[in-house]
Amino acid sequence: MSSSHMNSSSSSSNSNNNSTMDLLTLENPVFCCYLFWATVLVVKMLLMSLLTALQRFRYKVFPNEEDLFFKNIEVQFDDPRVERVRRAHRNDMENILPYFIMALIYVCTNPNPMIACNLFRLAAIARIVHTLVYAVVAVPQPSRILAFATMLIITFYMAAVVALRTLRFI
Amino acid sequence: MSSSHMNSSSSSSNSNNNSTMDLLTLENPVFCCYLFWATVLVVKMLLMSLLTALQRFRYKVFPNEEDLFFKNIEVQFDDPRVERVRRAHRNDMENILPYFIMALIYVCTNPNPMIACNLFRLAAIARIVHTLVYAVVAVPQPSRILAFATMLIITFYMAAVVALRTLRFI
Amino acid sequence: MSSSHMNSSSSSSNSNNNSTMDLLTLENPVFCCYLFWATVLVVKMLLMSLLTALQRFRYKVFPNEEDLFFKNIEVQFDDPRVERVRRAHRNDMENILPYFIMALIYVCTNPNPMIACNLFRLAAIARIVHTLVYAVVAVPQPSRILAFATMLIITFYMAAVVALRTLRFI
């Protein structure tokens with residue numbers, strides 16, 4: 001009886017701890033949602049590498065001596081069609097890579113599942129739109145600024161949530 | 001009686017496991033400290049994007065046709081005031097992004113809390129100083145080298161700690 | 001008796017949960033293997049910074065006014081020997097940083113230990129080879145393309161595994 005009581009009390013304390021302990025597991029739907037959309041963004045970023053390579057072969061613009069796969073061409077930089085893709089790729093690195101860490105940290109603070117999942121979806125879709133209007137087809141502004149600002153604001157929001165939760169550990 | 005004994009032994013083994021199991025939760029002060037200072041650095045990095053945009057609008061230097069928000073200007077690269085901010089931003093990516101992963105990994109090895117928290121604080125402050133003396137006001141060397149070296153050495157130290165702990169899993 | 005039964009059932013449910021709960025701890029050999037090889041790649045990336053600095057001092061090519069440590073030299077860009085190292089470093093950022101997140105996410109899906117550990121080893125060695133044939137000695141192609149493709153394909157494989165596991169959280 002007493003041991004049964006201990007048992008139930010220990011299991012209730014476990015269920016209290018669950019809110020913090022199980023956050024980074026597949027049992028947490030918010031974490032799974034993060035995993036899925038982070039994977040989408042990783043794949044999108046890697047495709048930028050391949051898009052750059054595609055542009056380099058299409059316009060025969062290579063930056064290294066050992067890359068001159070065609071005869072009668074020279075090392076060449078600053079081709080505008082290649083550089084546009086590289087700028088888009090750099091912008092990805094500047095924004096998506098810090099977002100990966102920020103969103104992972106945000107999951108650790110046990111956010112509202114509805115808000116968190118929709119932020120992950122919106123951020124990922126915004127960056128896919130950003131790539132389309134920047135690197136694939138040059139769409140007039142403010143399309144790119146809006147796509148850029150969407151993830152930026154989401155990341156700032158997550159940062160504010162986390163900073164408020166962890167401020168006393170400064 | 002025997003079941004009560006099992007209970008206590010299982011709870012004691014739990015408390016032993018706690019050192020490894022609860023590391024990536026808000027119950028671990030070292031992790032919370034990491035969360036706070038990583039958030040500070042994420043915000044700092046995103047502000048570099050906005051600082052670049054500010055410089056572009058101030059000096060009317062835009063790299064894309066669709067960004068020409070003013071009349072009678074052309075696409076332009078290599079403005080020294082814009083490029084300085086972009087070099088600082090690239091340096092951030094080269095150093096802070098690997099640091100995020102390295103410090104997270106370091107937390108997983110259950111480091112001494114006093115050492116770990118102070119390293120997080122020092123690294124974050126060093127990079128804020130780096131940005132101030134590089135991108136905001138160009139301060140003479142060796143101020144930037146010192147700020148740069150501080151995070152670099154901290155990251156190498158964390159790498160050494162982790163590598164020694166995980167060497168047998170090579 | 002009944003409490004003992006509860007006990008054993010709770011411990012068996014714990015051992016079932018272990019597959020997801022203990023993944024990001026030092027008790028998981030796959031995670032330890034990730035930690036070790038991620039640490040190797042972090043160190044490799046940071047050495048690129050030092051290699052760039054070495055090239056800058058060797059050939060006295062500095063991009064900032066305040067970096068002119070020698071007399072009678074001017075700010076200079078586009079030195080091919082410095083730019084080669086910087087392109088290699090940028091390629092590291094484009095590929096290794098998303099890989100860090102992807103591999104960490106992959107560990108969370110509790111992959112086959114044999115496959116996962118060998119992928120971590122292969123990916124890290126491939127990127128070390130990439131650096132050697134790109135930034136240290138310019139080896140003729142396709143050595144660099146093969147080293148580049150190795151990590152790229154590994155990351156895509158991990159992405160496919162994770163996406164299939166988390167697809168219902170879209």
# chains A, B, ... in the order shown; residues from 1 in each chain; ligands from 1
>>> residues_around(residues="C:Ile105", least_positions_apart="6", cutoff="12 Å", atoms="only C-alpha atoms", output="MDAnalysis selection string")
(chainID A and resid 24:26 31:39 42 100:101 104) or (chainID C and resid 23:24 31 34 98:99 111 116 155 158:163 165:166)
>>> interface_residues(of="chain A", to="chain B", cutoff="8 Å", atoms="only C-alpha atoms", output="PDB file with all heavy atoms, in the first residue's frame")
ATOM      1  N   SER A   3       4.031   1.323  -0.611  1.00  0.00           N
ATOM      2  CA  SER A   3       4.898   1.310  -1.797  1.00  0.00           C
ATOM      3  C   SER A   3       4.080   1.705  -3.023  1.00  0.00           C
ATOM      4  O   SER A   3       4.573   2.373  -3.926  1.00  0.00           O
ATOM      5  CB  SER A   3       5.535  -0.059  -1.990  1.00  0.00           C
ATOM      6  OG  SER A   3       4.832  -0.835  -2.927  1.00  0.00           O
ATOM      7  N   ASN A   7       4.799   4.722  -5.508  1.00  0.00           N
ATOM      8  CA  ASN A   7       4.765   4.522  -6.942  1.00  0.00           C
ATOM      9  C   ASN A   7       3.978   5.604  -7.659  1.00  0.00           C
ATOM     10  O   ASN A   7       4.470   6.232  -8.593  1.00  0.00           O
ATOM     11  CB  ASN A   7       4.076   3.176  -7.212  1.00  0.00           C
ATOM     12  CG  ASN A   7       5.011   2.247  -7.967  1.00  0.00           C
ATOM     13  OD1 ASN A   7       6.135   2.647  -8.232  1.00  0.00           O
ATOM     14  ND2 ASN A   7       4.544   1.060  -8.273  1.00  0.00           N
ATOM     15  N   THR A  20       9.322  19.066 -19.379  1.00  0.00           N
ATOM     16  CA  THR A  20      10.679  19.452 -19.749  1.00  0.00           C
ATOM     17  C   THR A  20      11.503  18.283 -20.262  1.00  0.00           C
ATOM     18  O   THR A  20      12.377  18.459 -21.080  1.00  0.00           O
ATOM     19  CB  THR A  20      11.419  20.078 -18.558  1.00  0.00           C
ATOM     20  OG1 THR A  20      11.227  19.240 -17.422  1.00  0.00           O
ATOM     21  CG2 THR A  20      10.922  21.474 -18.272  1.00  0.00           C
ATOM     22  N   MET A  21      11.214  17.059 -19.765  1.00  0.00           N
ATOM     23  CA  MET A  21      12.116  15.950 -20.065  1.00  0.00           C
ATOM     24  C   MET A  21      11.939  15.374 -21.451  1.00  0.00           C
ATOM     25  O   MET A  21      12.899  14.923 -22.049  1.00  0.00           O
ATOM     26  CB  MET A  21      11.925  14.839 -19.029  1.00  0.00           C
ATOM     27  CG  MET A  21      12.595  15.138 -17.722  1.00  0.00           C
ATOM     28  SD  MET A  21      12.475  13.735 -16.615  1.00  0.00           S
ATOM     29  CE  MET A  21      13.639  12.607 -17.377  1.00  0.00           C
ATOM     30  N   LEU A  23      10.960  16.798 -24.248  1.00  0.00           N
ATOM     31  CA  LEU A  23      10.775  17.772 -25.325  1.00  0.00           C
ATOM     32  C   LEU A  23      11.549  17.394 -26.574  1.00  0.00           C
ATOM     33  O   LEU A  23      11.058  17.558 -27.677  1.00  0.00           O
ATOM     34  CB  LEU A  23      11.175  19.167 -24.831  1.00  0.00           C
ATOM     35  CG  LEU A  23      10.202  19.743 -23.808  1.00  0.00           C
ATOM     36  CD1 LEU A  23      10.746  21.044 -23.251  1.00  0.00           C
ATOM     37  CD2 LEU A  23       8.838  19.952 -24.430  1.00  0.00           C
ATOM     38  N   ARG A  84      24.066  35.833 -58.603  1.00  0.00           N
ATOM     39  CA  ARG A  84      22.715  35.960 -58.026  1.00  0.00           C
ATOM     40  C   ARG A  84      22.373  34.722 -57.180  1.00  0.00           C
ATOM     41  O   ARG A  84      21.885  34.851 -56.057  1.00  0.00           O
ATOM     42  CB  ARG A  84      21.693  36.142 -59.161  1.00  0.00           C
ATOM     43  CG  ARG A  84      20.242  36.075 -58.715  1.00  0.00           C
ATOM     44  CD  ARG A  84      19.289  36.346 -59.866  1.00  0.00           C
ATOM     45  NE  ARG A  84      19.249  37.750 -60.205  1.00  0.00           N
ATOM     46  CZ  ARG A  84      18.461  38.654 -59.601  1.00  0.00           C
ATOM     47  NH1 ARG A  84      17.648  38.270 -58.629  1.00  0.00           N
ATOM     48  NH2 ARG A  84      18.482  39.904 -59.951  1.00  0.00           N
ATOM     49  N   MET A  93      22.254  31.107 -45.686  1.00  0.00           N
ATOM     50  CA  MET A  93      23.147  30.788 -44.556  1.00  0.00           C
ATOM     51  C   MET A  93      22.999  31.805 -43.438  1.00  0.00           C
ATOM     52  O   MET A  93      22.973  31.454 -42.256  1.00  0.00           O
ATOM     53  CB  MET A  93      24.594  30.742 -45.027  1.00  0.00           C
ATOM     54  CG  MET A  93      24.897  29.570 -45.931  1.00  0.00           C
ATOM     55  SD  MET A  93      26.664  29.274 -46.059  1.00  0.00           S
ATOM     56  CE  MET A  93      27.172  30.644 -47.086  1.00  0.00           C
ATOM     57  N   GLU A  94      22.878  33.081 -43.825  1.00  0.00           N
ATOM     58  CA  GLU A  94      22.769  34.144 -42.828  1.00  0.00           C
ATOM     59  C   GLU A  94      21.501  34.028 -41.998  1.00  0.00           C
ATOM     60  O   GLU A  94      21.473  34.447 -40.844  1.00  0.00           O
ATOM     61  CB  GLU A  94      22.798  35.519 -43.513  1.00  0.00           C
ATOM     62  CG  GLU A  94      24.143  35.888 -44.106  1.00  0.00           C
ATOM     63  CD  GLU A  94      24.083  37.175 -44.913  1.00  0.00           C
ATOM     64  OE1 GLU A  94      22.981  37.736 -45.064  1.00  0.00           O
ATOM     65  OE2 GLU A  94      25.129  37.610 -45.401  1.00  0.00           O
ATOM     66  N   ASN A  95      20.430  33.496 -42.602  1.00  0.00           N
ATOM     67  CA  ASN A  95      19.138  33.503 -41.919  1.00  0.00           C
ATOM     68  C   ASN A  95      18.687  32.128 -41.446  1.00  0.00           C
ATOM     69  O   ASN A  95      18.186  31.998 -40.335  1.00  0.00           O
ATOM     70  CB  ASN A  95      18.068  34.097 -42.846  1.00  0.00           C
ATOM     71  CG  ASN A  95      18.279  35.575 -43.053  1.00  0.00           C
ATOM     72  OD1 ASN A  95      17.918  36.376 -42.216  1.00  0.00           O
ATOM     73  ND2 ASN A  95      18.917  35.940 -44.155  1.00  0.00           N
ATOM     74  N   LEU A  97      20.483  29.230 -40.981  1.00  0.00           N
ATOM     75  CA  LEU A  97      21.327  28.516 -40.017  1.00  0.00           C
ATOM     76  C   LEU A  97      21.119  29.026 -38.591  1.00  0.00           C
ATOM     77  O   LEU A  97      20.944  28.210 -37.673  1.00  0.00           O
ATOM     78  CB  LEU A  97      22.799  28.601 -40.438  1.00  0.00           C
ATOM     79  CG  LEU A  97      23.133  27.877 -41.759  1.00  0.00           C
ATOM     80  CD1 LEU A  97      24.570  28.138 -42.179  1.00  0.00           C
ATOM     81  CD2 LEU A  97      22.890  26.377 -41.642  1.00  0.00           C
ATOM     82  N   PRO A  98      21.103  30.357 -38.339  1.00  0.00           N
ATOM     83  CA  PRO A  98      20.748  30.790 -36.975  1.00  0.00           C
ATOM     84  C   PRO A  98      19.322  30.372 -36.581  1.00  0.00           C
ATOM     85  O   PRO A  98      19.076  30.046 -35.427  1.00  0.00           O
ATOM     86  CB  PRO A  98      20.861  32.318 -37.036  1.00  0.00           C
ATOM     87  CG  PRO A  98      21.728  32.600 -38.203  1.00  0.00           C
ATOM     88  CD  PRO A  98      21.482  31.507 -39.182  1.00  0.00           C
ATOM     89  N   TYR A  99      18.416  30.350 -37.560  1.00  0.00           N
ATOM     90  CA  TYR A  99      17.040  29.925 -37.272  1.00  0.00           C
ATOM     91  C   TYR A  99      16.988  28.491 -36.762  1.00  0.00           C
ATOM     92  O   TYR A  99      16.226  28.182 -35.841  1.00  0.00           O
ATOM     93  CB  TYR A  99      16.177  30.089 -38.525  1.00  0.00           C
ATOM     94  CG  TYR A  99      14.852  29.380 -38.463  1.00  0.00           C
ATOM     95  CD1 TYR A  99      13.760  29.946 -37.829  1.00  0.00           C
ATOM     96  CD2 TYR A  99      14.694  28.120 -39.042  1.00  0.00           C
ATOM     97  CE1 TYR A  99      12.545  29.282 -37.760  1.00  0.00           C
ATOM     98  CE2 TYR A  99      13.490  27.445 -38.982  1.00  0.00           C
ATOM     99  CZ  TYR A  99      12.422  28.027 -38.343  1.00  0.00           C
ATOM    100  OH  TYR A  99      11.226  27.353 -38.279  1.00  0.00           O
ATOM    101  N   ILE A 101      19.123  26.853 -34.968  1.00  0.00           N
ATOM    102  CA  ILE A 101      19.490  26.832 -33.546  1.00  0.00           C
ATOM    103  C   ILE A 101      18.398  27.496 -32.717  1.00  0.00           C
ATOM    104  O   ILE A 101      17.975  26.986 -31.677  1.00  0.00           O
ATOM    105  CB  ILE A 101      20.850  27.541 -33.355  1.00  0.00           C
ATOM    106  CG1 ILE A 101      21.979  26.732 -33.996  1.00  0.00           C
ATOM    107  CG2 ILE A 101      21.127  27.792 -31.879  1.00  0.00           C
ATOM    108  CD1 ILE A 101      22.287  25.430 -33.289  1.00  0.00           C
ATOM    109  N   MET A 102      17.910  28.642 -33.194  1.00  0.00           N
ATOM    110  CA  MET A 102      16.906  29.389 -32.435  1.00  0.00           C
ATOM    111  C   MET A 102      15.630  28.567 -32.266  1.00  0.00           C
ATOM    112  O   MET A 102      15.061  28.504 -31.169  1.00  0.00           O
ATOM    113  CB  MET A 102      16.599  30.698 -33.187  1.00  0.00           C
ATOM    114  CG  MET A 102      15.867  31.718 -32.354  1.00  0.00           C
ATOM    115  SD  MET A 102      16.915  32.343 -31.028  1.00  0.00           S
ATOM    116  CE  MET A 102      16.031  31.709 -29.613  1.00  0.00           C
ATOM    117  N   ILE A 105      16.169  25.711 -29.787  1.00  0.00           N
ATOM    118  CA  ILE A 105      16.154  26.276 -28.442  1.00  0.00           C
ATOM    119  C   ILE A 105      14.717  26.579 -28.010  1.00  0.00           C
ATOM    120  O   ILE A 105      14.318  26.317 -26.874  1.00  0.00           O
ATOM    121  CB  ILE A 105      17.025  27.555 -28.419  1.00  0.00           C
ATOM    122  CG1 ILE A 105      18.499  27.198 -28.445  1.00  0.00           C
ATOM    123  CG2 ILE A 105      16.688  28.439 -27.231  1.00  0.00           C
ATOM    124  CD1 ILE A 105      19.421  28.400 -28.567  1.00  0.00           C
ATOM    125  N   CYS A 108      12.835  23.727 -26.759  1.00  0.00           N
ATOM    126  CA  CYS A 108      13.230  23.366 -25.385  1.00  0.00           C
ATOM    127  C   CYS A 108      12.457  24.140 -24.327  1.00  0.00           C
ATOM    128  O   CYS A 108      12.429  23.732 -23.164  1.00  0.00           O
ATOM    129  CB  CYS A 108      14.720  23.612 -25.177  1.00  0.00           C
ATOM    130  SG  CYS A 108      15.749  22.559 -26.185  1.00  0.00           S
ATOM    131  N   THR A 109      11.855  25.264 -24.690  1.00  0.00           N
ATOM    132  CA  THR A 109      11.097  26.043 -23.708  1.00  0.00           C
ATOM    133  C   THR A 109       9.630  25.620 -23.670  1.00  0.00           C
ATOM    134  O   THR A 109       8.824  26.309 -23.045  1.00  0.00           O
ATOM    135  CB  THR A 109      11.178  27.550 -24.025  1.00  0.00           C
ATOM    136  OG1 THR A 109      10.553  27.789 -25.290  1.00  0.00           O
ATOM    137  CG2 THR A 109      12.609  28.028 -24.069  1.00  0.00           C
ATOM    138  N   ALA A 138      13.702  36.329 -61.045  1.00  0.00           N
ATOM    139  CA  ALA A 138      13.861  37.605 -60.347  1.00  0.00           C
ATOM    140  C   ALA A 138      12.532  38.352 -60.358  1.00  0.00           C
ATOM    141  O   ALA A 138      12.189  39.015 -61.332  1.00  0.00           O
ATOM    142  CB  ALA A 138      14.953  38.435 -61.008  1.00  0.00           C
ATOM    143  N   VAL A 139      11.775  38.213 -59.278  1.00  0.00           N
ATOM    144  CA  VAL A 139      10.461  38.860 -59.159  1.00  0.00           C
ATOM    145  C   VAL A 139      10.661  40.251 -58.556  1.00  0.00           C
ATOM    146  O   VAL A 139      11.497  40.421 -57.655  1.00  0.00           O
ATOM    147  CB  VAL A 139       9.534  37.991 -58.278  1.00  0.00           C
ATOM    148  CG1 VAL A 139       8.223  38.698 -57.988  1.00  0.00           C
ATOM    149  CG2 VAL A 139       9.299  36.639 -58.910  1.00  0.00           C
ATOM    150  N   PRO A 140       9.913  41.257 -59.031  1.00  0.00           N
ATOM    151  CA  PRO A 140      10.087  42.610 -58.474  1.00  0.00           C
ATOM    152  C   PRO A 140       9.829  42.639 -56.966  1.00  0.00           C
ATOM    153  O   PRO A 140       9.050  41.840 -56.437  1.00  0.00           O
ATOM    154  CB  PRO A 140       9.039  43.443 -59.226  1.00  0.00           C
ATOM    155  CG  PRO A 140       8.767  42.687 -60.470  1.00  0.00           C
ATOM    156  CD  PRO A 140       8.955  41.243 -60.136  1.00  0.00           C
ATOM    157  N   GLN A 141      10.499  43.588 -56.299  1.00  0.00           N
ATOM    158  CA  GLN A 141      10.239  43.809 -54.882  1.00  0.00           C
ATOM    159  C   GLN A 141       8.815  44.325 -54.713  1.00  0.00           C
ATOM    160  O   GLN A 141       8.230  44.784 -55.667  1.00  0.00           O
ATOM    161  CB  GLN A 141      11.241  44.843 -54.338  1.00  0.00           C
ATOM    162  CG  GLN A 141      12.661  44.362 -54.345  1.00  0.00           C
ATOM    163  CD  GLN A 141      12.983  43.449 -53.188  1.00  0.00           C
ATOM    164  OE1 GLN A 141      12.085  42.925 -52.559  1.00  0.00           O
ATOM    165  NE2 GLN A 141      14.257  43.242 -52.918  1.00  0.00           N
ATOM    166  N   LEU A 152      12.725  36.400 -40.468  1.00  0.00           N
ATOM    167  CA  LEU A 152      13.455  37.256 -39.521  1.00  0.00           C
ATOM    168  C   LEU A 152      12.584  37.567 -38.300  1.00  0.00           C
ATOM    169  O   LEU A 152      13.031  37.437 -37.150  1.00  0.00           O
ATOM    170  CB  LEU A 152      13.863  38.548 -40.220  1.00  0.00           C
ATOM    171  CG  LEU A 152      14.925  39.391 -39.514  1.00  0.00           C
ATOM    172  CD1 LEU A 152      16.290  38.732 -39.641  1.00  0.00           C
ATOM    173  CD2 LEU A 152      14.987  40.793 -40.084  1.00  0.00           C
ATOM    174  N   PHE A 156      13.089  36.474 -34.389  1.00  0.00           N
ATOM    175  CA  PHE A 156      13.111  37.461 -33.296  1.00  0.00           C
ATOM    176  C   PHE A 156      12.056  37.120 -32.234  1.00  0.00           C
ATOM    177  O   PHE A 156      12.306  37.249 -31.035  1.00  0.00           O
ATOM    178  CB  PHE A 156      12.868  38.877 -33.836  1.00  0.00           C
ATOM    179  CG  PHE A 156      14.098  39.552 -34.374  1.00  0.00           C
ATOM    180  CD1 PHE A 156      14.086  40.171 -35.616  1.00  0.00           C
ATOM    181  CD2 PHE A 156      15.279  39.587 -33.632  1.00  0.00           C
ATOM    182  CE1 PHE A 156      15.225  40.799 -36.120  1.00  0.00           C
ATOM    183  CE2 PHE A 156      16.418  40.223 -34.127  1.00  0.00           C
ATOM    184  CZ  PHE A 156      16.392  40.821 -35.371  1.00  0.00           C
ATOM    185  N   ALA A 159      13.336  34.327 -30.201  1.00  0.00           N
ATOM    186  CA  ALA A 159      14.408  34.836 -29.338  1.00  0.00           C
ATOM    187  C   ALA A 159      13.822  35.547 -28.128  1.00  0.00           C
ATOM    188  O   ALA A 159      14.309  35.376 -26.997  1.00  0.00           O
ATOM    189  CB  ALA A 159      15.308  35.784 -30.135  1.00  0.00           C
ATOM    190  N   VAL A 162      12.433  32.935 -25.661  1.00  0.00           N
ATOM    191  CA  VAL A 162      13.497  32.216 -24.953  1.00  0.00           C
ATOM    192  C   VAL A 162      14.205  33.143 -23.971  1.00  0.00           C
ATOM    193  O   VAL A 162      14.481  32.762 -22.823  1.00  0.00           O
ATOM    194  CB  VAL A 162      14.498  31.610 -25.956  1.00  0.00           C
ATOM    195  CG1 VAL A 162      15.700  31.020 -25.227  1.00  0.00           C
ATOM    196  CG2 VAL A 162      13.824  30.550 -26.804  1.00  0.00           C
ATOM    197  N   ALA A 163      14.493  34.362 -24.404  1.00  0.00           N
ATOM    198  CA  ALA A 163      15.229  35.291 -23.534  1.00  0.00           C
ATOM    199  C   ALA A 163      14.436  35.576 -22.262  1.00  0.00           C
ATOM    200  O   ALA A 163      15.000  35.624 -21.161  1.00  0.00           O
ATOM    201  CB  ALA A 163      15.531  36.584 -24.286  1.00  0.00           C
ATOM    202  N   THR A 166      14.715  32.541 -19.917  1.00  0.00           N
ATOM    203  CA  THR A 166      16.043  32.190 -19.397  1.00  0.00           C
ATOM    204  C   THR A 166      16.807  33.409 -18.873  1.00  0.00           C
ATOM    205  O   THR A 166      18.003  33.303 -18.584  1.00  0.00           O
ATOM    206  CB  THR A 166      16.892  31.513 -20.499  1.00  0.00           C
ATOM    207  OG1 THR A 166      17.008  32.410 -21.611  1.00  0.00           O
ATOM    208  CG2 THR A 166      16.264  30.207 -20.959  1.00  0.00           C
ATOM    209  N   LEU A 167      16.087  34.519 -18.706  1.00  0.00           N
ATOM    210  CA  LEU A 167      16.776  35.763 -18.353  1.00  0.00           C
ATOM    211  C   LEU A 167      17.512  35.669 -17.017  1.00  0.00           C
ATOM    212  O   LEU A 167      18.571  36.270 -16.827  1.00  0.00           O
ATOM    213  CB  LEU A 167      15.763  36.915 -18.320  1.00  0.00           C
ATOM    214  CG  LEU A 167      16.334  38.323 -18.257  1.00  0.00           C
ATOM    215  CD1 LEU A 167      17.272  38.582 -19.426  1.00  0.00           C
ATOM    216  CD2 LEU A 167      15.204  39.346 -18.298  1.00  0.00           C
ATOM    217  N   PHE A 169      19.224  33.370 -15.918  1.00  0.00           N
ATOM    218  CA  PHE A 169      20.485  32.610 -16.010  1.00  0.00           C
ATOM    219  C   PHE A 169      21.558  33.436 -16.728  1.00  0.00           C
ATOM    220  O   PHE A 169      22.547  32.905 -17.196  1.00  0.00           O
ATOM    221  CB  PHE A 169      20.255  31.296 -16.754  1.00  0.00           C
ATOM    222  CG  PHE A 169      19.296  30.387 -16.036  1.00  0.00           C
ATOM    223  CD1 PHE A 169      17.949  30.372 -16.364  1.00  0.00           C
ATOM    224  CD2 PHE A 169      19.742  29.570 -15.009  1.00  0.00           C
ATOM    225  CE1 PHE A 169      17.070  29.540 -15.702  1.00  0.00           C
ATOM    226  CE2 PHE A 169      18.871  28.737 -14.344  1.00  0.00           C
ATOM    227  CZ  PHE A 169      17.521  28.726 -14.677  1.00  0.00           C
ATOM    228  N   ILE A 170      21.348  34.710 -16.819  1.00  0.00           N
ATOM    229  CA  ILE A 170      22.258  35.602 -17.539  1.00  0.00           C
ATOM    230  C   ILE A 170      23.691  35.456 -17.020  1.00  0.00           C
ATOM    231  O   ILE A 170      23.907  35.270 -15.846  1.00  0.00           O
ATOM    232  CB  ILE A 170      21.762  37.063 -17.440  1.00  0.00           C
ATOM    233  CG1 ILE A 170      22.492  37.939 -18.445  1.00  0.00           C
ATOM    234  CG2 ILE A 170      21.908  37.604 -16.029  1.00  0.00           C
ATOM    235  CD1 ILE A 170      21.838  39.312 -18.613  1.00  0.00           C
TER     236      ILE A 170
END
>>> calpha_fit_rmsd(fixed="chain A", moving="chain B")
0.2 Å
>>> select_by_dssp(residues="chain A", states="alpha helix (DSSP H)", output="PyMOL selection string")
chain A and resi 2-21+29-59+80-108+113-131+143-166
>>> atom_distance(atom1="atom CA of A:Lys60", atom2="atom CA of A:Val82")
10.0 Å
>>> residues_around(residues="A:Asp79", least_positions_apart="2", cutoff="10 Å", atoms="only C-alpha atoms", output="ChimeraX atom specification")
/A:55-56,59-62,76-77,81-84
>>> atom_distance(atom1="atom CA of C:Val85", atom2="atom CA of C:Ala147")
16.3 Å
>>> decode(residues="stretch 121-132 of chain A", atoms="N, CA, C and O atoms", output="PDB file, in the first residue's frame")
ATOM      1  N   ARG A 121       6.037  26.059 -39.939  1.00  0.00           N
ATOM      2  CA  ARG A 121       5.521  25.948 -41.314  1.00  0.00           C
ATOM      3  C   ARG A 121       5.699  27.256 -42.073  1.00  0.00           C
ATOM      4  O   ARG A 121       6.190  27.286 -43.208  1.00  0.00           O
ATOM      5  N   LEU A 122       5.295  28.354 -41.433  1.00  0.00           N
ATOM      6  CA  LEU A 122       5.360  29.657 -42.095  1.00  0.00           C
ATOM      7  C   LEU A 122       6.795  30.028 -42.442  1.00  0.00           C
ATOM      8  O   LEU A 122       7.084  30.492 -43.557  1.00  0.00           O
ATOM      9  N   ALA A 123       7.721  29.802 -41.499  1.00  0.00           N
ATOM     10  CA  ALA A 123       9.123  30.168 -41.736  1.00  0.00           C
ATOM     11  C   ALA A 123       9.694  29.385 -42.913  1.00  0.00           C
ATOM     12  O   ALA A 123      10.381  29.957 -43.776  1.00  0.00           O
ATOM     13  N   ALA A 124       9.400  28.090 -42.963  1.00  0.00           N
ATOM     14  CA  ALA A 124       9.945  27.264 -44.039  1.00  0.00           C
ATOM     15  C   ALA A 124       9.376  27.694 -45.383  1.00  0.00           C
ATOM     16  O   ALA A 124      10.107  27.835 -46.376  1.00  0.00           O
ATOM     17  N   ILE A 125       8.071  27.924 -45.427  1.00  0.00           N
ATOM     18  CA  ILE A 125       7.447  28.313 -46.696  1.00  0.00           C
ATOM     19  C   ILE A 125       7.966  29.681 -47.135  1.00  0.00           C
ATOM     20  O   ILE A 125       8.231  29.906 -48.322  1.00  0.00           O
ATOM     21  N   ALA A 126       8.144  30.595 -46.181  1.00  0.00           N
ATOM     22  CA  ALA A 126       8.656  31.930 -46.530  1.00  0.00           C
ATOM     23  C   ALA A 126      10.017  31.835 -47.192  1.00  0.00           C
ATOM     24  O   ALA A 126      10.308  32.531 -48.164  1.00  0.00           O
ATOM     25  N   ARG A 127      10.893  30.948 -46.662  1.00  0.00           N
ATOM     26  CA  ARG A 127      12.234  30.845 -47.246  1.00  0.00           C
ATOM     27  C   ARG A 127      12.202  30.153 -48.594  1.00  0.00           C
ATOM     28  O   ARG A 127      13.043  30.438 -49.467  1.00  0.00           O
ATOM     29  N   ILE A 128      11.259  29.229 -48.811  1.00  0.00           N
ATOM     30  CA  ILE A 128      11.136  28.624 -50.142  1.00  0.00           C
ATOM     31  C   ILE A 128      10.690  29.692 -51.137  1.00  0.00           C
ATOM     32  O   ILE A 128      11.237  29.800 -52.241  1.00  0.00           O
ATOM     33  N   VAL A 129       9.738  30.543 -50.727  1.00  0.00           N
ATOM     34  CA  VAL A 129       9.312  31.654 -51.584  1.00  0.00           C
ATOM     35  C   VAL A 129      10.494  32.586 -51.853  1.00  0.00           C
ATOM     36  O   VAL A 129      10.709  33.031 -52.987  1.00  0.00           O
ATOM     37  N   HIS A 130      11.282  32.879 -50.810  1.00  0.00           N
ATOM     38  CA  HIS A 130      12.454  33.744 -50.953  1.00  0.00           C
ATOM     39  C   HIS A 130      13.379  33.226 -52.048  1.00  0.00           C
ATOM     40  O   HIS A 130      13.855  33.986 -52.908  1.00  0.00           O
ATOM     41  N   THR A 131      13.651  31.920 -52.028  1.00  0.00           N
ATOM     42  CA  THR A 131      14.528  31.329 -53.044  1.00  0.00           C
ATOM     43  C   THR A 131      13.913  31.455 -54.429  1.00  0.00           C
ATOM     44  O   THR A 131      14.600  31.802 -55.400  1.00  0.00           O
ATOM     45  N   LEU A 132      12.610  31.185 -54.531  1.00  0.00           N
ATOM     46  CA  LEU A 132      11.956  31.232 -55.841  1.00  0.00           C
ATOM     47  C   LEU A 132      12.030  32.635 -56.434  1.00  0.00           C
ATOM     48  O   LEU A 132      12.359  32.792 -57.610  1.00  0.00           O
TER      49      LEU A 132
END
